[in-house]
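Asks: One file: start_25.csv (CSV, C-alpha atoms).
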```csv
chain,number,residue,atom,x,y,z
B,1,MET,CA,-1.3,-14.1,24.0
B,2,LYS,CA,-3.0,-14.2,20.7
B,3,LYS,CA,-1.0,-15.1,17.6
B,4,PRO,CA,-0.8,-12.6,14.8
B,5,TYR,CA,-2.8,-14.7,12.4
B,6,GLU,CA,-5.6,-15.0,15.0
B,7,ARG,CA,-5.8,-11.2,15.2
B,8,LEU,CA,-5.7,-11.0,11.4
B,9,MET,CA,-8.7,-13.2,11.1
B,10,GLU,CA,-10.7,-11.0,13.6
B,11,TYR,CA,-9.7,-7.8,11.8
B,12,CYS,CA,-10.4,-9.1,8.3
B,13,ARG,CA,-14.1,-9.7,9.3
B,14,VAL,CA,-14.5,-6.0,9.7
B,15,ASN,CA,-15.3,-4.2,6.5
B,16,THR,CA,-13.0,-1.2,6.0
B,17,MET,CA,-13.1,-0.6,2.3
B,18,SER,CA,-12.1,2.9,1.3
B,19,ASP,CA,-13.7,4.9,-1.5
B,20,GLU,CA,-11.5,6.1,-4.4
B,21,ALA,CA,-14.3,8.5,-5.6
B,22,ALA,CA,-14.2,10.5,-2.3
B,23,GLU,CA,-11.8,13.4,-2.0
B,24,LYS,CA,-11.6,13.8,1.8
B,25,SER,CA,-10.3,11.4,4.4
B,26,PRO,CA,-11.8,9.3,5.9
B,27,THR,CA,-13.5,8.3,2.7
B,28,THR,CA,-15.7,5.8,4.5
B,29,LYS,CA,-17.1,5.7,8.0
B,30,VAL,CA,-16.7,1.9,8.3
B,31,GLN,CA,-13.0,2.4,8.9
B,32,PHE,CA,-13.9,3.8,12.3
B,33,ASP,CA,-15.3,0.3,13.1
B,34,LEU,CA,-11.9,-1.3,13.1
B,35,ALA,CA,-10.3,1.8,14.6
B,36,ASN,CA,-12.6,1.7,17.6
B,37,LEU,CA,-12.1,-2.0,18.0
B,38,LEU,CA,-8.3,-1.5,18.1
B,39,LEU,CA,-8.7,1.4,20.5
B,40,GLY,CA,-10.4,-0.9,22.9
B,41,GLU,CA,-7.9,-3.7,22.5
B,42,LEU,CA,-4.9,-1.4,22.9
B,43,GLU,CA,-6.4,0.2,26.0
B,44,GLU,CA,-6.9,-3.2,27.5
B,45,LEU,CA,-3.3,-4.1,26.7
B,46,GLY,CA,-2.1,-1.0,28.5
B,47,VAL,CA,-0.9,1.1,25.6
B,48,SER,CA,-0.5,4.8,26.6
B,49,ASP,CA,-1.5,8.1,25.1
B,50,LEU,CA,-4.2,6.5,23.0
B,51,TYR,CA,-6.0,9.0,20.7
B,52,LEU,CA,-8.4,8.4,17.9
B,53,ASP,CA,-9.0,11.7,16.0
B,54,ASP,CA,-12.0,12.7,13.9
B,55,THR,CA,-10.2,11.8,10.7
B,56,CYS,CA,-9.8,8.1,11.8
B,57,VAL,CA,-6.1,8.2,12.7
B,58,LEU,CA,-5.4,6.2,15.8
B,59,TYR,CA,-2.2,7.0,17.8
B,60,GLY,CA,-0.6,5.3,20.9
B,61,THR,CA,2.7,4.9,22.7
B,62,ILE,CA,4.6,2.5,24.9
B,63,PRO,CA,7.0,4.3,27.2
B,64,ALA,CA,10.7,3.4,27.2
B,65,THR,CA,11.8,0.8,29.7
B,66,PRO,CA,14.1,1.9,32.6
B,67,GLY,CA,17.5,2.9,31.3
B,68,GLN,CA,16.3,3.3,27.7
B,69,GLU,CA,14.8,6.8,27.9
B,70,THR,CA,17.5,8.2,25.7
B,71,ALA,CA,17.1,5.6,23.0
B,72,PRO,CA,15.4,7.0,19.8
B,73,ALA,CA,11.6,6.8,19.7
B,74,ILE,CA,10.7,4.3,17.0
B,75,GLY,CA,7.3,4.2,15.2
B,76,PHE,CA,5.3,1.4,13.5
B,77,ILE,CA,2.5,2.3,11.2
B,78,ALA,CA,-0.2,0.2,9.3
B,79,HIS,CA,-3.3,1.2,7.5
B,80,LEU,CA,-6.9,0.3,8.3
B,81,ASP,CA,-8.5,0.3,4.9
B,82,THR,CA,-8.7,-2.3,2.2
B,83,ALA,CA,-8.6,-1.6,-1.5
B,84,PRO,CA,-11.8,-0.8,-3.3
B,85,ASP,CA,-10.6,-2.9,-6.2
B,86,PHE,CA,-12.4,-6.0,-4.8
B,87,SER,CA,-15.0,-6.6,-2.2
B,88,GLY,CA,-13.9,-6.6,1.4
B,89,ILE,CA,-17.5,-7.1,2.7
B,90,ASP,CA,-18.4,-10.2,4.7
B,91,VAL,CA,-14.9,-11.7,4.6
B,92,LYS,CA,-14.7,-15.3,5.7
B,93,PRO,CA,-11.1,-16.3,6.5
B,94,VAL,CA,-10.1,-19.9,5.9
B,95,VAL,CA,-7.2,-21.6,7.7
B,96,HIS,CA,-5.2,-24.2,5.8
B,97,GLU,CA,-3.2,-26.0,8.4
B,98,ASN,CA,-0.2,-28.1,7.5
B,99,TYR,CA,-0.4,-26.8,3.9
B,100,ASP,CA,0.6,-29.4,1.4
B,101,GLY,CA,2.4,-27.1,-1.1
B,102,GLU,CA,-0.2,-27.6,-3.8
B,103,ASP,CA,-2.8,-25.4,-5.5
B,104,ILE,CA,-5.3,-24.0,-2.9
B,105,CYS,CA,-9.0,-24.4,-3.9
B,106,LEU,CA,-11.1,-21.7,-2.4
B,107,PRO,CA,-14.6,-22.7,-1.1
B,108,LEU,CA,-16.5,-20.2,-3.2
B,109,CYS,CA,-16.6,-19.0,-6.8
B,110,ASP,CA,-14.3,-21.9,-8.0
B,111,ARG,CA,-11.2,-19.8,-7.6
B,112,VAL,CA,-7.8,-21.5,-7.2
B,113,ILE,CA,-4.6,-20.0,-5.8
B,114,ARG,CA,-2.2,-21.7,-8.2
B,115,VAL,CA,1.4,-22.5,-7.3
B,116,SER,CA,2.3,-21.6,-10.9
B,117,ASP,CA,1.0,-18.1,-10.3
B,118,PHE,CA,2.5,-17.8,-6.7
B,119,PRO,CA,5.7,-19.8,-6.8
B,120,HIS,CA,6.6,-18.9,-3.2
B,121,LEU,CA,3.9,-21.3,-2.0
B,122,LYS,CA,6.3,-24.2,-2.6
B,123,GLU,CA,8.3,-22.8,0.3
B,124,MET,CA,5.2,-22.7,2.6
B,125,LYS,CA,4.7,-26.5,2.7
B,126,GLY,CA,3.9,-27.6,6.2
B,127,LYS,CA,3.0,-24.1,7.4
B,128,THR,CA,-0.4,-22.6,8.1
B,129,VAL,CA,-1.8,-20.5,5.3
B,130,ILE,CA,-4.8,-18.1,5.7
B,131,THR,CA,-7.0,-17.2,2.7
B,132,ALA,CA,-10.4,-15.7,2.0
B,133,SER,CA,-13.2,-17.9,0.9
B,134,GLY,CA,-13.0,-16.9,-2.8
B,135,ASP,CA,-15.6,-14.1,-3.2
B,136,THR,CA,-13.8,-11.4,-1.3
B,137,LEU,CA,-10.3,-10.3,-0.7
B,138,LEU,CA,-8.7,-11.3,2.6
B,139,GLY,CA,-7.7,-7.9,3.8
B,140,SER,CA,-4.1,-8.9,4.8
B,141,ASP,CA,-3.2,-5.6,3.1
B,142,ASP,CA,-2.9,-4.2,5.6
B,143,LYS,CA,-4.6,-6.0,8.5
B,144,ALA,CA,-1.6,-8.3,8.7
B,145,GLY,CA,0.5,-5.3,9.5
B,146,ILE,CA,-2.0,-4.1,12.1
B,147,ALA,CA,-2.1,-7.6,13.7
B,148,GLU,CA,1.7,-7.7,14.0
B,149,ILE,CA,1.9,-4.3,15.6
B,150,VAL,CA,-0.7,-5.2,18.1
B,151,CYS,CA,1.0,-8.4,18.9
B,152,LEU,CA,4.3,-6.5,19.4
B,153,CYS,CA,2.5,-4.2,21.9
B,154,GLU,CA,1.2,-7.2,23.8
B,155,ARG,CA,4.6,-8.8,23.9
B,156,LEU,CA,6.3,-5.7,25.1
B,157,LEU,CA,3.7,-4.9,27.8
B,158,ASN,CA,3.9,-8.5,29.2
B,159,SER,CA,7.7,-8.8,29.4
B,160,ASP,CA,10.9,-7.1,30.4
B,161,ILE,CA,12.2,-6.7,26.9
B,162,PRO,CA,14.3,-3.5,26.8
B,163,HIS,CA,13.2,-0.8,24.3
B,164,GLY,CA,13.0,2.9,23.8
B,165,LYS,CA,9.7,4.7,23.3
B,166,VAL,CA,7.5,2.9,20.8
B,167,CYS,CA,5.0,4.9,18.8
B,168,ILE,CA,2.2,3.3,16.9
B,169,ALA,CA,-0.4,4.6,14.5
B,170,PHE,CA,-3.1,3.2,12.3
B,171,THR,CA,-4.3,5.3,9.3
B,172,PRO,CA,-7.2,5.3,7.0
B,173,ASP,CA,-7.3,5.5,3.2
B,174,GLU,CA,-3.8,4.4,2.2
B,175,GLU,CA,-5.3,2.5,-0.7
B,176,VAL,CA,-6.7,5.7,-2.3
B,177,GLY,CA,-3.7,7.9,-1.7
B,178,LEU,CA,-5.0,9.8,1.3
B,179,GLY,CA,-3.4,7.9,4.1
B,180,THR,CA,-1.2,10.7,5.4
B,181,SER,CA,-3.4,13.7,4.5
B,182,ASN,CA,-4.3,14.2,8.2
B,183,PHE,CA,-1.3,12.5,9.9
B,184,ASP,CA,0.1,14.5,12.8
B,185,ILE,CA,3.8,13.8,12.9
B,186,PRO,CA,4.5,15.8,16.1
B,187,ARG,CA,1.6,14.0,17.9
B,188,PHE,CA,3.0,10.6,16.7
B,189,GLY,CA,6.2,11.5,18.4
B,190,ALA,CA,8.7,9.1,16.6
B,191,ASP,CA,12.2,10.0,15.5
B,192,PHE,CA,11.7,7.7,12.6
B,193,ALA,CA,9.3,4.9,11.7
B,194,TYR,CA,8.5,1.8,9.6
B,195,THR,CA,5.3,1.0,7.8
B,196,LEU,CA,4.3,-2.6,7.9
B,197,ASP,CA,2.6,-2.8,4.5
B,198,GLY,CA,4.8,-5.1,2.4
B,199,GLY,CA,4.7,-8.7,1.2
B,200,ARG,CA,7.2,-11.4,1.9
B,201,ALA,CA,8.4,-11.7,5.5
B,202,GLY,CA,12.0,-10.3,5.6
B,203,GLU,CA,11.3,-7.6,3.0
B,204,VAL,CA,12.8,-4.3,3.9
B,205,VAL,CA,12.1,-1.6,1.2
B,206,TYR,CA,13.4,1.9,1.1
B,207,GLU,CA,12.9,2.6,-2.7
B,208,ASN,CA,9.6,3.2,-4.4
B,209,PHE,CA,8.1,4.7,-7.5
B,210,ASN,CA,7.7,8.3,-8.1
B,211,ALA,CA,4.1,8.8,-9.1
B,212,ALA,CA,1.8,11.0,-11.0
B,213,SER,CA,-1.7,10.7,-12.5
B,214,ALA,CA,-3.0,12.1,-15.7
B,215,VAL,CA,-6.4,12.6,-17.3
B,216,PHE,CA,-6.9,13.6,-21.0
B,217,THR,CA,-10.3,15.0,-21.8
B,218,VAL,CA,-11.3,15.1,-25.5
B,219,GLU,CA,-14.2,17.3,-26.7
B,220,GLY,CA,-15.5,16.0,-30.0
B,221,VAL,CA,-17.9,17.3,-32.6
B,222,SER,CA,-20.9,15.1,-33.1
B,223,VAL,CA,-23.1,15.5,-36.2
B,224,HIS,CA,-25.1,13.1,-38.4
B,225,PRO,CA,-22.7,10.6,-39.9
B,226,GLY,CA,-24.3,11.1,-43.3
B,227,SER,CA,-23.1,14.7,-43.4
B,228,ALA,CA,-20.0,14.4,-41.2
B,229,LYS,CA,-17.3,15.0,-43.8
B,230,ASN,CA,-14.8,17.7,-42.6
B,231,ILE,CA,-17.1,18.4,-39.6
B,232,MET,CA,-17.2,15.4,-37.3
B,233,VAL,CA,-14.4,15.0,-34.7
B,234,ASN,CA,-14.9,11.6,-33.1
B,235,ALA,CA,-13.6,12.0,-29.5
B,236,SER,CA,-13.2,8.3,-29.0
B,237,LEU,CA,-10.9,8.0,-32.1
B,238,VAL,CA,-8.9,11.0,-30.9
B,239,ALA,CA,-8.5,9.3,-27.5
B,240,MET,CA,-7.2,6.2,-29.3
B,241,GLU,CA,-4.8,8.3,-31.3
B,242,ILE,CA,-3.5,9.8,-28.0
B,243,ASN,CA,-2.8,6.4,-26.5
B,244,ALA,CA,-1.1,5.2,-29.7
B,245,MET,CA,1.4,8.0,-29.3
B,246,LEU,CA,2.8,6.4,-26.1
B,247,PRO,CA,5.5,3.8,-26.2
B,248,ALA,CA,3.7,0.4,-26.5
B,249,GLY,CA,6.4,-1.4,-24.4
B,250,GLU,CA,6.3,0.9,-21.5
B,251,ILE,CA,3.3,-0.5,-19.8
B,252,PRO,CA,3.0,-2.6,-16.5
B,253,ALA,CA,2.7,-5.9,-18.4
B,254,CYS,CA,6.1,-5.3,-20.1
B,255,THR,CA,8.2,-3.7,-17.3
B,256,GLU,CA,9.9,-4.8,-14.1
B,257,ASP,CA,12.4,-3.8,-11.4
B,258,TYR,CA,13.3,-0.2,-11.9
B,259,GLU,CA,11.5,0.2,-15.3
B,260,GLY,CA,8.8,2.8,-15.3
B,261,PHE,CA,5.5,2.9,-17.2
B,262,PHE,CA,2.4,4.6,-18.5
B,263,HIS,CA,-0.7,2.7,-17.3
B,264,LEU,CA,-4.1,3.4,-18.9
B,265,ILE,CA,-6.4,2.5,-16.1
B,266,SER,CA,-9.7,3.6,-17.7
B,267,MET,CA,-11.1,4.9,-21.0
B,268,GLU,CA,-14.6,6.2,-21.5
B,269,GLY,CA,-15.9,7.7,-24.7
B,270,SER,CA,-18.4,8.6,-27.3
B,271,VAL,CA,-18.3,10.7,-30.4
B,272,GLU,CA,-18.9,13.8,-28.4
B,273,LYS,CA,-16.6,13.3,-25.4
B,274,ALA,CA,-13.9,10.9,-24.2
B,275,THR,CA,-11.6,10.6,-21.3
B,276,LEU,CA,-8.3,8.7,-20.8
B,277,THR,CA,-7.0,8.2,-17.2
B,278,TYR,CA,-3.4,7.2,-16.6
B,279,ILE,CA,-1.1,6.6,-13.8
B,280,ILE,CA,2.6,7.2,-14.5
B,281,ARG,CA,5.4,5.6,-12.5
B,282,ASP,CA,9.2,5.7,-12.4
B,283,HIS,CA,11.8,5.2,-9.7
B,284,ASP,CA,14.0,7.9,-11.2
B,285,GLY,CA,12.4,11.4,-10.5
B,286,ASN,CA,13.9,12.9,-13.7
B,287,LYS,CA,12.5,10.1,-15.8
B,288,LEU,CA,9.1,10.6,-14.2
B,289,ASP,CA,9.3,14.3,-15.2
B,290,HIS,CA,10.2,13.3,-18.7
B,291,ARG,CA,7.1,11.0,-18.8
B,292,VAL,CA,5.0,14.0,-17.7
B,293,ASP,CA,6.6,16.1,-20.4
B,294,THR,CA,5.7,13.5,-23.0
B,295,LEU,CA,2.1,13.7,-22.1
B,296,LYS,CA,2.2,17.5,-22.2
B,297,HIS,CA,3.8,17.3,-25.7
B,298,ILE,CA,1.0,15.0,-26.9
B,299,GLU,CA,-1.6,17.5,-25.6
B,300,LYS,CA,0.2,20.2,-27.6
B,301,LEU,CA,0.2,18.2,-30.8
B,302,MET,CA,-3.5,17.3,-30.4
B,303,LYS,CA,-4.4,21.0,-29.8
B,304,GLU,CA,-2.5,21.9,-33.0
B,305,LYS,CA,-4.3,19.2,-35.0
B,306,TYR,CA,-7.9,19.5,-33.6
B,307,GLY,CA,-8.1,22.9,-32.0
B,308,GLU,CA,-7.2,24.6,-28.8
B,309,THR,CA,-10.2,23.4,-26.9
B,310,ALA,CA,-10.4,19.9,-28.3
B,311,VAL,CA,-8.0,18.3,-25.9
B,312,SER,CA,-7.1,19.1,-22.3
B,313,LEU,CA,-4.7,17.4,-19.9
B,314,LYS,CA,-4.8,17.4,-16.1
B,315,ILE,CA,-1.7,16.2,-14.2
B,316,ARG,CA,-1.5,15.5,-10.5
B,317,MET,CA,1.8,14.7,-8.9
B,318,GLY,CA,1.7,11.9,-6.3
B,319,TYR,CA,4.2,10.4,-3.9
B,320,ARG,CA,8.0,10.5,-4.4
B,321,ASN,CA,10.8,7.9,-4.0
B,322,MET,CA,11.7,7.7,-0.3
B,323,ALA,CA,15.2,6.6,-1.2
B,324,GLU,CA,16.3,10.2,-1.9
B,325,LYS,CA,15.7,11.0,1.8
B,326,VAL,CA,16.3,7.6,3.5
B,327,LYS,CA,19.8,7.2,1.9
B,328,GLU,CA,20.9,10.1,4.2
B,329,ARG,CA,20.1,7.8,7.2
B,330,MET,CA,20.9,4.3,6.1
B,331,GLU,CA,21.5,3.1,9.6
B,332,ILE,CA,17.7,2.9,9.9
B,333,VAL,CA,17.6,0.5,7.0
B,334,GLU,CA,20.7,-1.5,8.1
B,335,ALA,CA,19.2,-2.0,11.5
B,336,ALA,CA,16.1,-3.6,9.9
B,337,PHE,CA,18.5,-5.8,7.8
B,338,ARG,CA,20.1,-7.2,10.9
B,339,ALA,CA,16.7,-7.7,12.6
B,340,VAL,CA,15.5,-9.7,9.6
B,341,GLU,CA,18.5,-12.0,9.7
B,342,ASN,CA,18.3,-12.4,13.5
B,343,ALA,CA,14.7,-13.4,13.2
B,344,GLY,CA,15.8,-16.2,10.8
B,345,LEU,CA,14.2,-14.6,7.8
B,346,THR,CA,15.7,-14.2,4.3
B,347,LEU,CA,16.3,-10.5,3.5
B,348,SER,CA,14.7,-9.0,0.4
B,349,THR,CA,15.3,-5.4,-0.7
B,350,ASP,CA,13.6,-5.3,-4.1
B,351,PRO,CA,12.2,-1.8,-4.8
B,352,ILE,CA,8.4,-1.3,-4.5
B,353,ARG,CA,6.7,-0.9,-7.8
B,354,GLY,CA,4.2,1.3,-6.1
B,355,GLY,CA,4.1,3.5,-3.0
B,356,THR,CA,3.2,3.5,0.7
B,357,ASP,CA,2.2,5.9,3.4
B,358,GLY,CA,5.9,5.8,4.3
B,359,ALA,CA,6.9,7.4,1.1
B,360,ASN,CA,4.7,10.5,1.8
B,361,LEU,CA,5.8,10.6,5.5
B,362,THR,CA,9.4,10.4,4.5
B,363,TRP,CA,9.1,13.5,2.3
B,364,GLU,CA,7.1,15.2,5.1
B,365,GLY,CA,10.1,14.7,7.5
B,366,LEU,CA,9.5,11.3,9.1
B,367,LEU,CA,11.8,8.7,7.6
B,368,CYS,CA,9.7,5.6,7.1
B,369,PRO,CA,11.0,2.5,5.2
B,370,ASN,CA,8.5,-0.3,4.6
B,371,LEU,CA,8.6,-3.9,6.0
B,372,GLY,CA,7.0,-7.1,4.8
B,373,THR,CA,4.2,-8.8,6.7
B,374,GLY,CA,4.3,-12.4,5.4
B,375,SER,CA,1.4,-11.8,3.0
B,376,TYR,CA,0.9,-12.1,-0.7
B,377,GLY,CA,-1.6,-11.6,-3.6
B,378,PHE,CA,-2.9,-8.2,-2.5
B,379,HIS,CA,-6.1,-6.5,-3.8
B,380,GLY,CA,-8.0,-9.6,-4.9
B,381,PRO,CA,-9.5,-13.0,-4.0
B,382,TYR,CA,-6.0,-14.7,-4.0
B,383,GLU,CA,-4.7,-12.7,-1.1
B,384,HIS,CA,-3.1,-15.0,1.5
B,385,SER,CA,-0.9,-14.8,4.7
B,386,VAL,CA,1.4,-17.3,6.4
B,387,ALA,CA,0.9,-17.7,10.1
B,388,GLU,CA,4.4,-18.7,11.0
B,389,ASP,CA,5.9,-15.9,8.9
B,390,MET,CA,3.7,-13.3,10.6
B,391,GLU,CA,5.1,-14.5,14.0
B,392,LEU,CA,8.6,-14.0,12.7
B,393,CYS,CA,7.6,-10.5,11.5
B,394,VAL,CA,6.8,-9.7,15.2
B,395,ASP,CA,10.3,-11.1,16.1
B,396,MET,CA,11.7,-8.8,13.5
B,397,LEU,CA,10.0,-5.7,15.0
B,398,GLU,CA,11.3,-6.6,18.4
B,399,GLY,CA,14.8,-7.0,16.9
B,400,ILE,CA,14.6,-3.5,15.4
B,401,LEU,CA,13.9,-2.1,18.8
B,402,LYS,CA,16.8,-3.9,20.3
B,403,GLU,CA,19.1,-2.5,17.6
B,404,PHE,CA,18.5,1.0,19.0
B,405,CYS,CA,18.8,0.2,22.7
B,406,VAL,CA,21.5,2.3,24.5
```
Let me see the structure of the file written as structure tokens.

Replies:
Amino acid sequence: MKKPYERLMEYCRVNTMSDEAAEKSPTTKVQFDLANLLLGELEELGVSDLYLDDTCVLYGTIPATPGQETAPAIGFIAHLDTAPDFSGIDVKPVVHENYDGEDICLPLCDRVIRVSDFPHLKEMKGKTVITASGDTLLGSDDKAGIAEIVCLCERLLNSDIPHGKVCIAFTPDEEVGLGTSNFDIPRFGADFAYTLDGGRAGEVVYENFNAASAVFTVEGVSVHPGSAKNIMVNASLVAMEINAMLPAGEIPACTEDYEGFFHLISMEGSVEKATLTYIIRDHDGNKLDHRVDTLKHIEKLMKEKYGETAVSLKIRMGYRNMAEKVKERMEIVEAAFRAVENAGLTLSTDPIRGGTDGANLTWEGLLCPNLGTGSYGFHGPYEHSVAEDMELCVDMLEGILKEFCV
């Protein structure tokens, strides 16, 4: 049987970058390349009920073993796409066997994965670390999760390990917020599920940010600067004024744990027109609402100062904290805790300072905590995975299934 890291290396070579500018999923056709590859592999392994729909969601099941037909149907989900933040084209995985615990020099672009930036690397001495070559991301977010699910399928279908019905799915466009836009929960068929889209092996997360996005648009008045007195309204300066009204310490670089933030992700402007684009995050739903109200108040003040049509604000609410729903069924999380410990891993339950497909699915009725994959440094050239930890993640998945056997 193939090891998870071997599958990861195969999958990483397939470009699956999503497109944040697109509004409909799948945002890129290349995601079908990996979906079709997986379809063939899963068919060869003997996975049942395989179905790849026209929105690039791949479903499959493994029937319950004899005597386990009444056990709950458990789902495992990972996403096909890689983040558009950094190139995922022509990925060349590099294997660092018997890693020495020191900085890792990547072959291309003179980039170095420094232990000072990634302190967990000290714990990985002697293990096998997989990186990209330096000019692309690796794609372990979330192809490590895919590899582990496929390895679980292979293990189950080549053994007599008892388990209830197992439901698997691979989704597109998680990285651009569209991963569950076409997900068919009844077709999936699980009573509850877990996304494999986390970092450290042993991570079990059931808390995430509540999320929203905001765009301020400023319409200025552009005239010749020599005769601009009491006429010109410089849209870029108004945009700077807007940002200055937000609390300077409530940004990603100054916050941690449960602390929320306003994050200015882009600013474009001229005298005539300017835009400010933010993402807003907070683990507490009421606090997120307060942050949104703060932005609306700023819009009101700017309209009063510069005119009703000078400034407009568009808010889009995003995913919500899965904890509000999952806490009603903590046995799902506690079973994962025990599976982590039985796999010999160290349990980590730190809240996600972000979101997953599982957050959306939870609020749509499919409870879906998130599990670590033994991978780190997502969305850039420093991405890396640990082969031995990936194998333990598969053990963890098997352990979750055993927890629910009747």

Asks: As an exercise, work out the distance from CA of Asp54 in chain B to CA of Ala35 in chain B in Å and give it to one decimal place.

Replies: 11.1 Å

Asks: Check the smallest atom-to-atom distance from each of B:Leu157, B:Ala22, B:Val340, B:Leu367 to Glu44 in chain B using all atoms listed in the file, then report the winner.

Replies: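 For Glu44 in chain B, the nearest of the given residues is B:Leu157.
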
Asks: Could you list, with a cut-off of 10 Å and counting only C-alpha atoms, the residues of range 331-364 of chain B near range 279-282 of chain B, each shown with its nearest atom pair and the distance in Å rounded to one decimal, rows sorted by chain and ascending number, as a tab-separated table?

Replies:
```
residue	atom	partner	partner_atom	distance
B:Arg353	CA	B:Arg281	CA	8.1
B:Gly354	CA	B:Arg281	CA	7.8
B:Gly355	CA	B:Arg281	CA	9.8
```

Asks: Go through range 183-238 of chain B residue by residue and, counting all atoms listed in the file, keep those with an atom at most 12 Å from range 392-403 of chain B; for each kept residue give the shortest atom pair and its distance in Å to one decimal, ordered by chain and increasing number, as CSV.

Replies:
```
residue,atom,partner,partner_atom,distance
B:Phe192,CA,B:Leu401,CA,11.8
B:Ala193,CA,B:Ile400,CA,10.6
B:Tyr194,CA,B:Leu397,CA,9.4
B:Thr195,CA,B:Leu397,CA,10.9
B:Leu196,CA,B:Cys393,CA,9.3
B:Asp197,CA,B:Cys393,CA,11.5
B:Gly198,CA,B:Cys393,CA,10.9
B:Gly199,CA,B:Cys393,CA,10.9
B:Arg200,CA,B:Cys393,CA,9.7
B:Ala201,CA,B:Cys393,CA,6.2
B:Gly202,CA,B:Cys393,CA,7.4
B:Glu203,CA,B:Cys393,CA,9.7
B:Val204,CA,B:Met396,CA,10.7
```

Asks: Just give me the gap between CA of Thr171 in chain B and CA of Ala78 in chain B in Å, one decimal is fine.

Replies: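 These two atoms are separated by 6.5 Å.
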
Asks: Just want the 6 Å neighbourhood of range 378-381 of chain B, counted on only C-alpha atoms, with same-chain residues fewer than 3 positions away dropped. Output as a PDB file with C-alpha atoms, keeping the file's coordinate frame.

Replies:
```pdb
ATOM      1  CA  ALA B  83      -8.600  -1.600  -1.500  1.00  0.00           C
ATOM      2  CA  PHE B  86     -12.400  -6.000  -4.800  1.00  0.00           C
ATOM      3  CA  GLY B 134     -13.000 -16.900  -2.800  1.00  0.00           C
ATOM      4  CA  THR B 136     -13.800 -11.400  -1.300  1.00  0.00           C
ATOM      5  CA  LEU B 137     -10.300 -10.300  -0.700  1.00  0.00           C
TER       6      LEU B 137
END
```

Asks: Which protein, DNA or RNA residues are at most 6 Å from (-8.0, 1.6, -1.9) in the file's coordinates when you count all atoms listed in the file, listed as a list in words?

Replies: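 Every polymer residue passing the test: Ser18, Thr82, Ala83, Pro84, Glu175 and Val176 of chain B.
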
Asks: Write a file of the just-selected residues containing C-alpha atoms, as a CSV table (one decimal), in the coordinates of the input.

Replies:
```csv
chain,number,residue,atom,x,y,z
B,18,SER,CA,-12.1,2.9,1.3
B,82,THR,CA,-8.7,-2.3,2.2
B,83,ALA,CA,-8.6,-1.6,-1.5
B,84,PRO,CA,-11.8,-0.8,-3.3
B,175,GLU,CA,-5.3,2.5,-0.7
B,176,VAL,CA,-6.7,5.7,-2.3
```

Asks: Tell me which of B:His384, B:His163, B:Arg13, B:Arg291 sits closest to His96 in chain B, counting only C-alpha atoms.

Replies: B:His384
